Structure formats: C-alpha cells, structure tokens
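One structure is given here, and the rest of the page talks about it.
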Protein chains: 4
Amino acid sequence: MGKGRLEAFSDGVIAIIITIMVLELRVPTGHSLASLLPLAPVLLGYVLSFVYVGIYWNNHHHMLATSHRISGGALWANLHLLFWLSLFPFTTAWMGENHFAAVPTAVYGAVLLMAAVAYWILQQTLMAAEGPGSVLRRAVGSDWKGRLSPVLYLGGIALTFWRPWAAQSVYALGALLWLIPDRRLEKAIEGSARESTDR
Amino acid sequence: MGKGRLEAFSDGVIAIIITIMVLELRVPTGHSLASLLPLAPVLLGYVLSFVYVGIYWNNHHHMLATSHRISGGALWANLHLLFWLSLFPFTTAWMGENHFAAVPTAVYGAVLLMAAVAYWILQQTLMAAEGPGSVLRRAVGSDWKGRLSPVLYLGGIALTFWRPWAAQSVYALGALLWLIPDRRLEKAIEGSARESTDR
Amino acid sequence: MGKGRLEAFSDGVIAIIITIMVLELRVPTGHSLASLLPLAPVLLGYVLSFVYVGIYWNNHHHMLATSHRISGGALWANLHLLFWLSLFPFTTAWMGENHFAAVPTAVYGAVLLMAAVAYWILQQTLMAAEGPGSVLRRAVGSDWKGRLSPVLYLGGIALTFWRPWAAQSVYALGALLWLIPDRRLEKAIEGSARESTDR
Amino acid sequence: MGKGRLEAFSDGVIAIIITIMVLELRVPTGHSLASLLPLAPVLLGYVLSFVYVGIYWNNHHHMLATSHRISGGALWANLHLLFWLSLFPFTTAWMGENHFAAVPTAVYGAVLLMAAVAYWILQQTLMAAEGPGSVLRRAVGSDWKGRLSPVLYLGGIALTFWRPWAAQSVYALGALLWLIPDRRLEKAIEGSARESTDR
C-alpha cells in the first residue's frame, strides 16, 4: 500500500535537492571568463553532490522496485533519509565556497555518512517487512558497497585534518564505487520475473 | 475522480515546502566549526518543522488512501491546508534566526494551529463526501490526536509569553504525539480489505 | 497519448510556482510583531496569487479530466500557459513590496490577463482535438466566466491609473468568480459517466 | 522497468529548472515602468531558455513514449542530460544580467551544446536497448534536427567573438527548428499503434 506515493514524494524531494544545489552557483558580477574562475570549486562540489544525489535516487529506485510492503516505519525511515539528503546543498555550498577547507570538507563527509546510515536503516526496514527469502533480500545480498561506503566516509573525515584533498579523493572514490553498474538488483529482479513466468 | 492528481499536486507542494526550508540555513562566511554555531537554532527549528511537514504528508497520505470521492470542496480544503503549510519555511526561519524569541515562537505556533484547523476541515469535507459508515470515518474514529493538537498549540502560544522554551517543548510534544505509529487507519484499511476478500 | 505526463509536468510547475511565491516573504530582522507589519501587503498579495494559482490548477485539472487527445499543439499551448503563470511570483512580489502602487498593480493585471488568454488558447486547442459534441465542449458550454475574466482584468488595469485599490478589488472579484464552485464541468462529467453506464 | 519513475523524476527536475530561472528576475526597487527596463534582457534570456527547456521536455516526453526498456546506463545518461539542463538558470542569468555580452553568450552556447550532446547520448542508449527495427529507431529516423543543432550551437559560440547578437539569433533559430511540430515521432507511434491493432 502506498508505494506509488512514497516514490512520488521521494522523487519530488530528490528532484528539488538536486536542482536547488545549482542556486549556490551565484551569478558573478563580471562578464569575463576570469570572473567564472572563483566558481570552479563550487562547480566541482556541485558535480560531486549531483552524482551522489543521482546515486541515491538510482539505488532508491531499484530498492523500491523490489519492495512490496511499505510499513509505517518505512515511511519514517524514508523521511529520515530525505532529511540528510536535504543537507547536501548546504554542505556542498559551504565546502565549495571555502575552497574545500578542512572543516567544511569534514562536515560534508559527516552528512554523506549520515545519509548512508539512513539508507541502510531504510533498507533494513524494507527487508524486515518483506520477510525472509524476498527478492529484495536476495538483491541486496552481501551489500559490500553499502558496508564499505560508511568506512570510506569515516576515513575521509579523518583525512581532512591531514590533507583535505585526500578526503575529497576518498569521497569521489565512494561515488565511483556506486557508478559502476550494480548488476545485483537488476539480476535478482530478472531472475524473479523469469521464475514467475516459468510457473 | 481526480484523486491521483490531488495526491500528485499535494506531494509536489509538500516536497517543495520541506526542501526550501533548508535554504534558510544560510552558508556561513567562515570555515571553522565555530562559524556553524550561530546556525544551531535555525537547524533545530528546521528539524522540528521537517518532522511536522513529514507528519502532515504521512497523515495526508493515509487519509487519502481511504477516500474514494473527491468533491470540489475537498480540492479547495486541500489548497487551504497547503497554504498554511507553505508558511512553515517563513515562521521556521524567523523563529530560528531570532533564537526562539517569544513573538516568533507564538507566530510559529499560530501557523501550526491554523494548519491543524485546515487539516481538520479537509478531513470533515472528505468524510462528508464518503457518507456514513465509510472506511475513512471508522479509521479517523475518536480522532483524539486531531482534537488534542490544537489545544497543545494554543497552550504553546500562551506559554511563549512566560517562557518561550516551554512553548517549544509543547510543540515538540505535539510532534511526538503523531510520530508514535498510528495503527487506527492502518487497521481500518486492513479490516476493510479483509472484509471485501471474505465476501 | 501523454496526458499523464502533461498533467504531472504541469502539476510540478504549478506546485513550484505556488510555493516559491512564499520566498518573497523575506524574514524580517526584528523579532517583534511590529517587524511583521511591513510584510502585510506582501502577504496579502501572496494570498491573492495563491488563490489565483489554485484556481488555475483546479480548472486545469477539470479541463484535462475531460480531454482524451493531447496534440503536439496542446503541449505548447500548455507551456505557454505555464510561462505566464511563472511570472506570478515576480509580479506578486513587485506589487506587494511597493504597497500596491499603480504601475506594479497594472503589470500584475497584465500578467493575469495574459494567463487568461493562454488558458483560453489551451482550451480551444484541446476542444479542437476532441472534435464536436465532446464532453469537454459541453462542459465548457457558454464559458461566461472565461469570457468575463479578461474584461475584468482589462478594467482593473485601466482603474490602476485612477485608484490602485479599485484595481485590486476587481482582481479579487475575478478570483471570487472562480471560487464559487463550477458545477458545469462536474455535471457534464457525471452525465457522461451515467450515459456510458446506461448503455 | 522503471520507466514511470524515470519520467516522474525527469519531469520534477525539468519543472524545477524551468521555474527557478524566473527567480533571477529580481524584483526592482522602484515602482515605475522605467525600473522594469533593466530587466528586459534578463526577461528575454528567460523566454529563450524557457522555450529551450520546453523543447527538451517535449522531446524527452516523445522519446520515452516510444521506449520500452530502460537500462541502468539510460538512468545515468538521463541524469547526465539533467545535469546540463540544470546549468541553464545560471547561464541564462549571467547572459541576461550582462546584456548579452560576448563571453556569457558563448558559455550559454556551450551549455546548449553539452545538453544537445547529452540528449544524443541518451537517445543512443535508449535505441541500443530497444534493438534494431524498434519504433524509437524508426521515429528518430535521419535525426537531421538532432545533428544540425550542435553545429548551430558551435557556430553561435564562434560568432560571439564577432557579434554577440549574431550568436543569439543562431540560438533562437536553433529553438525555432524544434518548435516546428515534429511529425516524425507522432507518425511512427500512430503507425505502430495501427499495426498492433491490425493484427
């Protein structure tokens, strides 16, 4: 019940988050190419966050495609995830406008970490409602990416106090990890579809 | 007729409201942790309002799931609710930026109150269209939460002139009231589904 | 074909328009009730525009519910309508911040007028695609409200140069005209539903 | 799988992009008609970009209507397109506020070019998933508009260093190219619908 509206609402919030980040790209006063230069770090941060929000939308999309029961708890676990994602525009702008200084980079990583934790909670809530042997459970499998990501973000936060650029590299690596197509869920869905056709 | 678009439009407006509130978290000029400190009250207010808007979305979602007839009056009762919800970003920012001063806290409570009244009007309009003995009417039941909430908000508004923090505690209590899972509607829906299967 | 996405996209744009108007209610610097006073005209303008955008959403919703064929021309007629609606936040803020001065009030009316014209064009395009004897054509009927509205807006624009408040009264009257429930479309839809059941 | 949510998410992002562009029309401080004059170039740029984003929504809508398989790659190709579209509000405002100066006009053209390239990539990804002899492939056909557009944008960018207005004319021409109704896709869809009815 209600999966359609949960998806529609999440799509709406994620669509707004991914788009209002660009409002932090403030229009420069000059009209030379040089006046665009100070925006480079903000743009870079925007690209990183755009990719991260895109990854969350993508994974959210696949996860819900394999879910059939949405409990009241899942609605709140979903809102909790959206809350942390909604802080991305703020941390992205703060990090970009301060040229990737240490503290903003660490706070950026902390929000990445909390979003990953919130996603994991949502996934657990959905899996619990589906019961054992569900398509979702098989699809998530060992979830090595989901378990590695928080470790990467923690490592990134620690690295900011040594070299901020090292932290950003780790965050970018964390995004690349997910950009590599995730065949697990797609396979499990296809497998499940094949099974039900075979019967 | 038209339930789908009513839900889609409400989802859109609520998604935007919940997300633009975060735009009031203005990026600080410094890049130390200390420069984040003045944002703490704004962030706290944001969390409270995020939870409230989440509650409204949640309840709206459940209420419409049990509704079958959307009258012209319901479309306007719904817009009336969205109007009051659209003032949340303003009152949240005003309260947060003034460190929860008395008057902004009272105005915040007044908007909470008006939203609760608007929700009640929408609920009555939907129930009237459903007719007696409807799933929605059974689901709403005694509606003690819906009747207690406005009293809490009125109490909160009164308390602001004594101690603003007492008002905020009452508002937070009002949110907790709804966060506790509401089994009423879910049970009624399941009961109705079971009945129609039994036949 | 494509009615679903046309509705979804229009809902999205109208939801954003109705919500970003509230961003013009800038948070005041003081925290007394008196510091809210200068916002009164902006809030008043917001209420008027909120009602107008609500009316457009409402009518758009009913009009599309009776349409079955969406031509390529209708997609563009719809975008044309959304363009004029997207100027509402600007004209609302300009009129409100200038305490309903003559020129901003006239420009506000001009955008109201253009939106009404754009709505009429969309209606004609949809009716042409439906063919003669369609539910939509019967529902629109004599369309006296649609034909009176532009006259009212023109009258309002003319009145701004005499007394701006007279113009605003005319705009408010134009909104009230539509707020009175429009039974035409609802009746026609019901009639059509009854007919097809009777067969 | 997942076509519905891909469309819903894209609709959401495109709806926000097309609407936040209007936020760059900053409310002037004066209340005379003369105070609106400096906004003329910003408004002109807004109109051009509104039409371009409308064209993208329109074409996206038609392209997905003929697609049946959405691969993981298509989800990312779609996000890539949305990324470039999300830069439209920035480049539009920069160009408008600088009265169509050379460099902002060239950057505007570069973003137009990248969006066209991203659209082409998405189209190729979707066609590859559909396989040979698909409705989409027949509908796209020779795609002369899709192949001419990047050439126009490149020409426009080159012209900015000679006369910026020449570049803007070329961009406007590029929009007109798409505004002329595209019967290809509509015909192919109708043809396919007729075929499946005939069987």
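Chain labels follow the order of the structure tokens: the first chain is A, the next B, and so on; residue numbering restarts at 1 in every chain, and ligands are counted from 1 in their shown order.
The environment of Ser32 of chain B within 10 Å, counting only C-alpha atoms and disregarding residues fewer than 5 places along the same chain, consists of Ala101, Ala102, Val103 and Pro104 of chain A; Leu37 of chain B.
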Quiz item: What residues in chain A get the DSSP label alpha helix (DSSP H)? Please answer as a PyMOL selection string.
Solution: chain A and resi 3-20+40-65+72-86+88-97+102-130+135-140+144-159+164-179+183-198
Any idea which chain C residues end up within 7 Å of chain B if we count only C-alpha atoms, as a JSON list (two decimals) with N, CA and C atoms, in the first residue's frame please?
[["chain", "number", "residue", "atom", "x", "y", "z"],
["C", 11, "ASP", "N", 1.52, 19.86, -12.98],
["C", 11, "ASP", "CA", 1.41, 19.83, -11.53],
["C", 11, "ASP", "C", 2.71, 20.26, -10.89],
["C", 12, "GLY", "N", 3.82, 19.75, -11.44],
["C", 12, "GLY", "CA", 5.13, 20.08, -10.88],
["C", 12, "GLY", "C", 5.39, 21.57, -10.97],
["C", 15, "ALA", "N", 2.99, 23.56, -8.76],
["C", 15, "ALA", "CA", 3.35, 23.37, -7.35],
["C", 15, "ALA", "C", 4.55, 24.24, -6.97],
["C", 16, "ILE", "N", 5.53, 24.34, -7.88],
["C", 16, "ILE", "CA", 6.72, 25.14, -7.59],
["C", 16, "ILE", "C", 6.35, 26.62, -7.59],
["C", 19, "THR", "N", 4.63, 27.70, -4.50],
["C", 19, "THR", "CA", 5.45, 27.61, -3.29],
["C", 19, "THR", "C", 6.58, 28.64, -3.28],
["C", 22, "VAL", "N", 6.21, 32.22, -1.80],
["C", 22, "VAL", "CA", 6.36, 32.47, -0.37],
["C", 22, "VAL", "C", 7.80, 32.88, -0.03],
["C", 27, "VAL", "N", 12.27, 37.06, 5.66],
["C", 27, "VAL", "CA", 12.31, 37.04, 7.12],
["C", 27, "VAL", "C", 12.76, 38.40, 7.63],
["C", 31, "HIS", "N", 12.31, 41.00, 15.95],
["C", 31, "HIS", "CA", 11.53, 39.85, 16.39],
["C", 31, "HIS", "C", 10.26, 40.28, 17.14],
["C", 32, "SER", "N", 9.82, 41.52, 16.88],
["C", 32, "SER", "CA", 8.56, 41.98, 17.46],
["C", 32, "SER", "C", 7.44, 41.81, 16.43],
["C", 33, "LEU", "N", 6.21, 41.90, 16.91],
["C", 33, "LEU", "CA", 5.08, 41.82, 15.98],
["C", 33, "LEU", "C", 5.14, 42.98, 14.99],
["C", 54, "GLY", "N", -4.19, 28.55, -7.46],
["C", 54, "GLY", "CA", -5.06, 27.44, -7.08],
["C", 54, "GLY", "C", -6.22, 27.27, -8.05],
["C", 181, "PRO", "N", -18.16, 27.37, -6.68],
["C", 181, "PRO", "CA", -17.98, 26.06, -7.32],
["C", 181, "PRO", "C", -18.58, 26.03, -8.71]]
Quiz prompt | Spatial neighbours of segment 115-130 of chain A, 8 Å, only C-alpha atoms, chain gap at least 3 places, as a ChimeraX atom specification | solution = /A:63,67-71,73-74,77-78,80-81,84-85,111-112,134,136-137,146,149-150
